[in-house]
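One file, final.txt, carrying compact mmCIF, C-alpha atoms:
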# COMPACT_ATOMS: atom_id res chain seq x y z
CA MET A 22 27.08 -31.12 -10.82
CA SER A 23 30.73 -31.93 -11.34
CA SER A 24 30.91 -28.93 -13.68
CA TYR A 25 30.55 -26.63 -10.67
CA THR A 26 33.77 -26.18 -8.83
CA ASP A 27 32.40 -23.52 -6.48
CA PRO A 28 29.53 -24.99 -4.43
CA CYS A 29 28.23 -21.53 -3.44
CA ALA A 30 28.05 -20.44 -7.08
CA HIS A 31 26.09 -23.58 -7.83
CA CYS A 32 23.84 -22.93 -4.84
CA GLU A 33 23.21 -19.43 -6.18
CA GLU A 34 22.10 -20.91 -9.51
CA MET A 35 19.70 -23.20 -7.65
CA MET A 36 18.17 -20.50 -5.46
CA GLN A 37 15.31 -19.24 -7.62
CA PRO A 38 14.19 -22.68 -8.81
CA TYR A 39 14.53 -23.96 -5.23
CA LEU A 40 12.29 -21.23 -3.83
CA ASP A 41 9.89 -21.72 -6.74
CA HIS A 42 9.71 -25.44 -5.88
CA ILE A 43 10.64 -26.54 -9.36
CA LEU A 44 13.85 -28.46 -8.65
CA THR A 45 13.92 -32.20 -9.15
CA GLU A 46 14.09 -34.24 -5.95
CA GLU A 47 17.77 -34.92 -6.56
CA GLU A 48 18.61 -31.25 -7.11
CA ARG A 49 16.63 -30.23 -4.04
CA VAL A 50 18.46 -32.71 -1.82
CA ALA A 51 21.80 -31.50 -3.20
CA ALA A 52 20.88 -27.85 -2.59
CA GLU A 53 19.74 -28.59 0.96
CA SER A 54 22.87 -30.51 1.81
CA HIS A 55 24.95 -27.48 0.83
CA LEU A 56 22.60 -25.15 2.73
CA ASP A 57 22.99 -27.35 5.82
CA GLU A 58 26.67 -26.67 5.96
CA CYS A 59 26.90 -23.14 4.50
CA GLU A 60 25.71 -20.33 6.75
CA GLN A 61 26.38 -17.69 4.06
CA CYS A 62 24.16 -19.33 1.45
CA ARG A 63 21.50 -19.95 4.07
CA ARG A 64 21.40 -16.24 4.89
CA ARG A 65 21.22 -15.35 1.23
CA TYR A 66 18.31 -17.74 0.67
CA ARG A 67 16.50 -16.34 3.69
CA PHE A 68 17.05 -12.83 2.39
CA GLU A 69 15.55 -13.80 -0.98
CA GLU A 70 12.48 -15.17 0.78
CA SER A 71 12.01 -11.98 2.82
CA LEU A 72 12.62 -9.89 -0.28
CA ARG A 73 9.82 -11.67 -2.15
CA VAL A 74 7.40 -11.07 0.70
CA TYR A 75 8.55 -7.46 0.95
CA VAL A 76 8.14 -6.83 -2.79
CA ARG A 77 4.58 -8.10 -2.56
CA GLN A 78 3.82 -5.84 0.40
CA ALA A 79 5.57 -2.78 -1.00
CA THR A 80 3.71 -2.97 -4.30
CA ALA A 81 0.24 -3.58 -2.89
CA GLU A 82 -1.74 -0.47 -3.73
CA GLN A 83 -5.46 -0.14 -3.15
CA MET A 84 -7.50 1.21 -6.00
CA SER A 85 -9.28 4.48 -5.33
CA PRO A 86 -12.97 4.50 -4.32
CA ALA A 87 -13.56 6.73 -7.37
CA LEU A 88 -12.27 4.03 -9.71
CA ARG A 89 -14.40 1.41 -7.97
CA GLU A 90 -17.48 3.56 -8.60
CA LYS A 91 -16.54 4.12 -12.22
CA LEU A 92 -16.21 0.38 -12.77
CA SER A 93 -19.62 -0.31 -11.24
CA ALA A 94 -21.12 2.34 -13.49
CA LEU A 95 -19.79 0.47 -16.52
CA ARG A 96 -22.21 -2.43 -15.93
CA ILE A 97 -24.67 -2.89 -18.73
CA PRO A 98 -28.19 -2.13 -17.42
CA LEU A 99 -30.89 -4.79 -17.65
CA ASN A 100 -33.59 -3.82 -20.10
CA MET B 18 -56.57 -21.73 -30.10
CA SER B 19 -55.03 -22.97 -33.29
CA ALA B 20 -52.03 -25.28 -33.14
CA ALA B 21 -49.90 -22.57 -34.75
CA ALA B 22 -50.86 -20.03 -32.10
CA THR B 23 -50.02 -22.51 -29.31
CA VAL B 24 -46.58 -23.11 -30.84
CA ALA B 25 -46.04 -19.37 -31.03
CA LEU B 26 -46.96 -18.96 -27.35
CA VAL B 27 -44.66 -21.78 -26.29
CA ASP B 28 -41.84 -20.26 -28.34
CA GLU B 29 -42.43 -16.91 -26.75
CA SER B 30 -42.30 -18.29 -23.25
CA GLN B 31 -39.13 -20.25 -24.06
CA ASP B 32 -37.62 -17.05 -25.40
CA ALA B 33 -38.55 -15.24 -22.23
CA HIS B 34 -36.97 -18.02 -20.15
CA ARG B 35 -33.81 -17.90 -22.20
CA LEU B 36 -33.56 -14.14 -21.90
CA ALA B 37 -34.12 -14.25 -18.15
CA ALA B 38 -31.46 -16.94 -17.75
CA GLU B 39 -29.03 -14.92 -19.85
CA ALA B 40 -29.68 -11.79 -17.82
CA ARG B 41 -29.04 -13.75 -14.62
CA ASP B 42 -25.77 -15.13 -15.99
CA ARG B 43 -24.67 -11.70 -17.09
CA VAL B 44 -25.43 -10.09 -13.76
CA ARG B 45 -23.51 -12.84 -11.98
CA PHE B 46 -20.59 -12.40 -14.37
CA GLU B 47 -20.49 -8.66 -13.75
CA GLU B 48 -20.58 -9.15 -10.00
CA ASP B 49 -17.82 -11.76 -10.11
CA ALA B 50 -15.69 -9.51 -12.31
CA LEU B 51 -16.20 -6.48 -10.05
CA ALA B 52 -15.30 -8.54 -6.98
CA LEU B 53 -11.89 -9.10 -8.58
CA ALA B 54 -11.29 -5.43 -9.37
CA ASP B 55 -8.90 -4.87 -6.45
CA GLN B 56 -6.71 -7.73 -7.54
CA VAL B 57 -6.84 -6.64 -11.17
CA TYR B 58 -5.84 -3.11 -10.20
CA ARG B 59 -2.95 -4.31 -8.05
CA VAL B 60 -1.43 -6.04 -11.07
CA ALA B 61 -2.36 -3.24 -13.50
CA ARG B 62 -0.67 -0.65 -11.31
CA HIS B 63 2.75 -2.18 -11.99
CA ILE B 64 2.16 -3.33 -15.54
CA ALA B 65 1.27 0.25 -16.46
CA ASN B 66 3.79 3.04 -16.10
CA SER B 67 1.73 5.26 -13.82
CA ARG B 68 -1.30 5.28 -11.57
CA GLU B 69 -3.26 7.23 -14.21
CA ASP B 70 -2.41 4.73 -16.93
CA ALA B 71 -3.34 1.88 -14.61
CA GLU B 72 -6.75 3.37 -13.82
CA GLU B 73 -7.48 3.97 -17.48
CA LEU B 74 -6.35 0.48 -18.36
CA VAL B 75 -8.56 -1.12 -15.72
CA GLN B 76 -11.57 0.86 -16.94
CA GLU B 77 -10.99 -0.13 -20.55
CA THR B 78 -10.59 -3.72 -19.43
CA TYR B 79 -13.96 -3.71 -17.69
CA VAL B 80 -15.67 -2.01 -20.64
CA ARG B 81 -14.42 -4.78 -22.88
CA ALA B 82 -15.11 -7.54 -20.34
CA PHE B 83 -18.74 -6.45 -19.81
CA ARG B 84 -19.24 -6.24 -23.55
CA SER B 85 -17.79 -9.66 -24.32
CA TRP B 86 -18.88 -11.48 -21.16
CA ALA B 87 -20.51 -14.24 -23.22
CA SER B 88 -17.12 -15.37 -24.50
CA PHE B 89 -15.97 -16.17 -20.95
CA GLN B 90 -16.08 -19.90 -20.24
CA PRO B 91 -17.75 -20.33 -16.84
CA GLY B 92 -15.62 -22.42 -14.51
CA THR B 93 -12.33 -21.15 -15.93
CA ASN B 94 -10.11 -18.57 -14.25
CA LEU B 95 -11.92 -15.23 -14.48
CA ARG B 96 -9.05 -13.24 -12.99
CA ALA B 97 -6.68 -14.62 -15.65
CA TRP B 98 -9.28 -13.86 -18.34
CA LEU B 99 -9.49 -10.24 -17.18
CA LEU B 100 -5.72 -9.88 -17.04
CA ARG B 101 -5.43 -11.32 -20.53
CA ILE B 102 -7.70 -8.53 -21.78
CA LEU B 103 -5.72 -6.00 -19.79
CA THR B 104 -2.27 -7.01 -21.03
CA ASN B 105 -3.53 -7.13 -24.63
CA LEU B 106 -5.02 -3.64 -24.32
CA ASN B 107 -1.78 -2.40 -22.84
CA ILE B 108 0.16 -3.70 -25.84
CA ASP B 109 -2.46 -2.58 -28.40
CA ARG B 110 -2.50 0.96 -27.08
CA GLY B 111 1.26 1.23 -27.36
CA ARG B 112 1.61 2.01 -23.68
CA ARG B 113 4.57 -0.18 -23.19
CA GLN B 114 7.18 2.49 -23.83
CA GLN B 115 9.48 2.88 -20.91
CA ARG B 116 8.86 5.97 -18.86
CA ALA B 117 12.38 7.27 -19.34
CA PRO B 118 14.95 6.43 -21.96
CA GLN B 119 16.01 3.09 -20.64
CA MET B 120 19.39 2.93 -19.12
CA GLN B 121 20.71 -0.54 -19.51
CA ALA B 122 19.37 -2.27 -16.46
CA LEU B 123 22.02 -4.13 -14.60
CA GLU B 124 21.35 -7.82 -14.31
CA ALA B 125 22.87 -8.83 -11.03
CA ASN B 126 23.70 -12.30 -9.86
CA ASP B 127 21.18 -13.65 -7.42
CA TYR B 128 23.34 -13.04 -4.34
CA TYR B 129 24.49 -9.58 -5.42
CA LEU B 130 21.87 -7.47 -3.66
CA TYR B 131 22.13 -9.29 -0.34
CA ASP B 132 25.89 -9.08 -0.39
CA LYS B 133 25.74 -5.33 -1.16
CA LEU B 134 23.24 -4.61 1.59
CA ALA B 135 24.90 -6.86 4.13
CA ASP B 136 28.25 -5.21 3.40
CA ASP B 137 27.01 -1.83 4.59
CA GLY B 138 26.20 -3.04 8.06
CA ASP B 139 28.59 -3.72 10.88
CA GLY B 140 29.11 -7.25 11.98
CA VAL B 141 26.98 -10.22 11.00
CA PRO B 142 23.70 -8.91 9.57
CA ASP B 143 20.31 -10.08 10.72
CA THR B 144 18.61 -11.24 7.52
CA ASP B 145 15.27 -9.71 8.43
CA ARG B 146 16.88 -6.35 9.06
CA VAL B 147 18.76 -6.38 5.78
CA VAL B 148 15.60 -6.25 3.68
CA GLU B 149 14.44 -3.24 5.70
CA ARG B 150 17.31 -1.21 4.32
CA LEU B 151 15.13 -0.88 1.22
CA SER B 152 12.17 1.46 1.36
CA GLN B 153 8.79 0.82 -0.21
CA ASP B 154 9.61 3.58 -2.72
CA ASP B 155 12.88 1.86 -3.61
CA ILE B 156 10.95 -1.26 -4.55
CA VAL B 157 8.30 0.53 -6.60
CA THR B 158 10.89 2.64 -8.44
CA ALA B 159 13.21 -0.27 -9.12
CA LEU B 160 10.32 -2.39 -10.42
CA ALA B 161 9.36 0.37 -12.86
CA GLU B 162 12.90 0.25 -14.23
CA VAL B 163 12.64 -3.40 -15.18
CA PRO B 164 11.92 -3.67 -18.93
CA HIS B 165 8.31 -4.62 -19.73
CA ASP B 166 8.73 -8.19 -20.86
CA PHE B 167 10.47 -9.10 -17.63
CA ARG B 168 8.34 -6.88 -15.44
CA ASP B 169 5.07 -8.39 -16.71
CA ALA B 170 6.27 -11.83 -15.63
CA ILE B 171 7.31 -10.61 -12.16
CA VAL B 172 4.09 -8.68 -11.65
CA LEU B 173 1.85 -11.59 -12.64
CA VAL B 174 3.67 -14.31 -10.70
CA ASP B 175 5.24 -12.57 -7.70
CA ILE B 176 2.65 -9.87 -7.11
CA GLY B 177 -0.46 -11.31 -8.75
CA ASP B 178 0.11 -14.88 -7.53
CA PHE B 179 -0.58 -16.39 -10.91
CA SER B 180 0.86 -19.81 -11.71
CA TYR B 181 3.43 -20.07 -14.49
CA ALA B 182 0.75 -21.67 -16.65
CA ASP B 183 -1.73 -18.84 -16.09
CA ALA B 184 0.95 -16.21 -16.71
CA ALA B 185 1.91 -18.00 -19.93
CA GLN B 186 -1.70 -17.90 -21.09
CA ILE B 187 -2.16 -14.27 -20.14
CA LEU B 188 1.00 -13.18 -21.93
CA ASP B 189 0.54 -15.67 -24.76
CA ILE B 190 4.05 -17.05 -24.44
CA PRO B 191 5.36 -20.54 -23.58
CA VAL B 192 5.69 -21.53 -19.91
CA GLY B 193 9.46 -21.87 -20.33
CA THR B 194 9.64 -18.26 -21.48
CA VAL B 195 7.67 -17.13 -18.42
CA MET B 196 10.17 -18.93 -16.20
CA SER B 197 13.24 -17.49 -17.88
CA ARG B 198 11.78 -13.96 -17.94
CA LEU B 199 10.83 -14.29 -14.30
CA HIS B 200 14.28 -15.45 -13.27
CA ARG B 201 16.08 -12.78 -15.31
CA GLY B 202 13.55 -10.14 -14.31
CA ARG B 203 14.10 -10.79 -10.60
CA ARG B 204 17.85 -10.43 -11.15
CA ILE B 205 17.33 -7.15 -13.00
CA LEU B 206 15.09 -5.96 -10.17
CA LYS B 207 17.77 -6.83 -7.63
CA GLY B 208 20.37 -5.05 -9.75
CA ALA B 209 18.19 -1.92 -9.78
CA LEU B 210 17.63 -2.19 -6.02
CA ALA B 211 21.35 -2.55 -5.41
CA GLU B 212 22.02 0.58 -7.46
CA THR B 213 19.43 2.51 -5.45
CA ALA B 214 20.93 1.26 -2.22
CA ILE B 215 24.42 2.25 -3.32
CA GLU B 216 23.25 5.72 -4.38
CA GLU B 217 21.48 6.24 -1.08
CA ALA B 218 24.51 5.10 0.88
CA ALA B 219 26.60 7.59 -1.09
CA GLY B 220 24.05 10.29 -0.25
CA THR B 221 23.13 11.19 -3.81
What does the file become when written as structure tokens?
Amino acid sequence: MSSYTDPCAHCEEMMQPYLDHILTEEERVAAESHLDECEQCRRRYRFEESLRVYVRQATAEQMSPALREKLSALRIPLN
Amino acid sequence: MSAAATVALVDESQDAHRLAAEARDRVRFEEDALALADQVYRVARHIANSREDAEELVQETYVRAFRSWASFQPGTNLRAWLLRILTNLNIDRGRRQQRAPQMQALEANDYYLYDKLADDGDGVPDTDRVVERLSQDDIVTALAEVPHDFRDAIVLVDIGDFSYADAAQILDIPVGTVMSRLHRGRRILKGALAETAIEEAAGT
């Protein structure tokens, strides 16, 4: 961690793995201690979380009833 | 009845039992697969380049799935099995060309998009409001601009809720590759969203 002189830049690197829950315990504690004292990074993390939820919602598209019927019709009939 | 005839009858009734059991298994498989069609389509819609391609891809997937149902291992992840068929078909049919000649997608840093969007507002932005500066169309368009390898990872994990391990199996790549494509892909997506946001702010 000593290689990072800018704590916010390091926090940015940790964001995706943090939100994916794949940091080691030590890395997680370090990230959270920076988040505790840095309002800017906290906002940016919160934004990333809302963005992920929003992407999921924005891309959710129902399939058409016509396609559903076509798929059912593909079933192989019992002899 | 001769001993031979009795054996033949027993064989026949065992055959009938086996066939009935197989028919039952197949019907259950087909019902389970159809129950997942909505979730399969949701992923297909963004793996394919258009709604039409997605519908065609889902149909081809089900044709193949119903035909090769016996190769599905009961108790394993059926949704992942279907998506594996789907992504393979998508590659086999050469449908992975980008819709438009690909402009080099900008890979932003992770904070870039938030900083861009927050900049446009006045005063300290409310995080929940910031995300609303993007429209649903912005998201769908920006996602379509992400090159396929990266997009497939995003679509499976962030939209399809597959684990890294399942996504790795579906795409037939190592888990580490899924993770790096996912992380880079999300940055590319944010770069594309930032560009859209900047264009809209400029009124173009």
Please find the residues of chain A near chain B - the criterion being any atom within 9 Å, counting only C-alpha atoms - and write them as number ranges by chain. A: 33-34, 36-38, 62, 64-69, 71-85, 88-89, 91-93, 95-97, 99
CA of Glu162 (chain B) sits from CA of Glu212 (chain B) at a separation of 11.4 Å
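Of the listed residues A:Glu70, A:His31, A:Arg63, A:Pro86, the one whose atoms come nearest to Glu48 (chain A) is A:His31, with distances taken using all atoms listed in the file.
Take CA of Ala209 (chain B) and CA of Ala184 (chain B): the distance between them is 23.4 Å.
For the residues B:Ile187, B:Val163, B:Asp32, B:Ala25, ranking by smallest atom-to-atom distance to Glu124 (chain B) using only C-alpha atoms places B:Val163 first.
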Check: Any idea what's packed within 10 Å of Leu53 (chain B), counting all atoms listed in the file, ignoring anything in its chain fewer than 6 positions away? Could you give it as a ChimeraX atom specification?
Finding: /B:95-96,99
File dump, residues just selected, C-alpha atoms, as a PDB file, in the frame of the given file:
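The result, written out as selection27.pdb:
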ATOM      1  CA  LEU B  95     -11.920 -15.230 -14.480  1.00  0.00           C
ATOM      2  CA  ARG B  96      -9.050 -13.240 -12.990  1.00  0.00           C
ATOM      3  CA  LEU B  99      -9.490 -10.240 -17.180  1.00  0.00           C
TER       4      LEU B  99
END
One decimal, in Å: what's the spacing between CA of Ile171 (chain B) and CA of Tyr39 (chain A)?
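A separation of 16.7 Å between them.
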Can you list, as number ranges by chain, every protein, DNA or RNA residue that comes within 9 Å of Tyr181 (chain B) when you count only C-alpha atoms, leaving out same-chain residues fewer than 4 positions away? B: 170, 173-174, 185-186, 192-193, 195-196
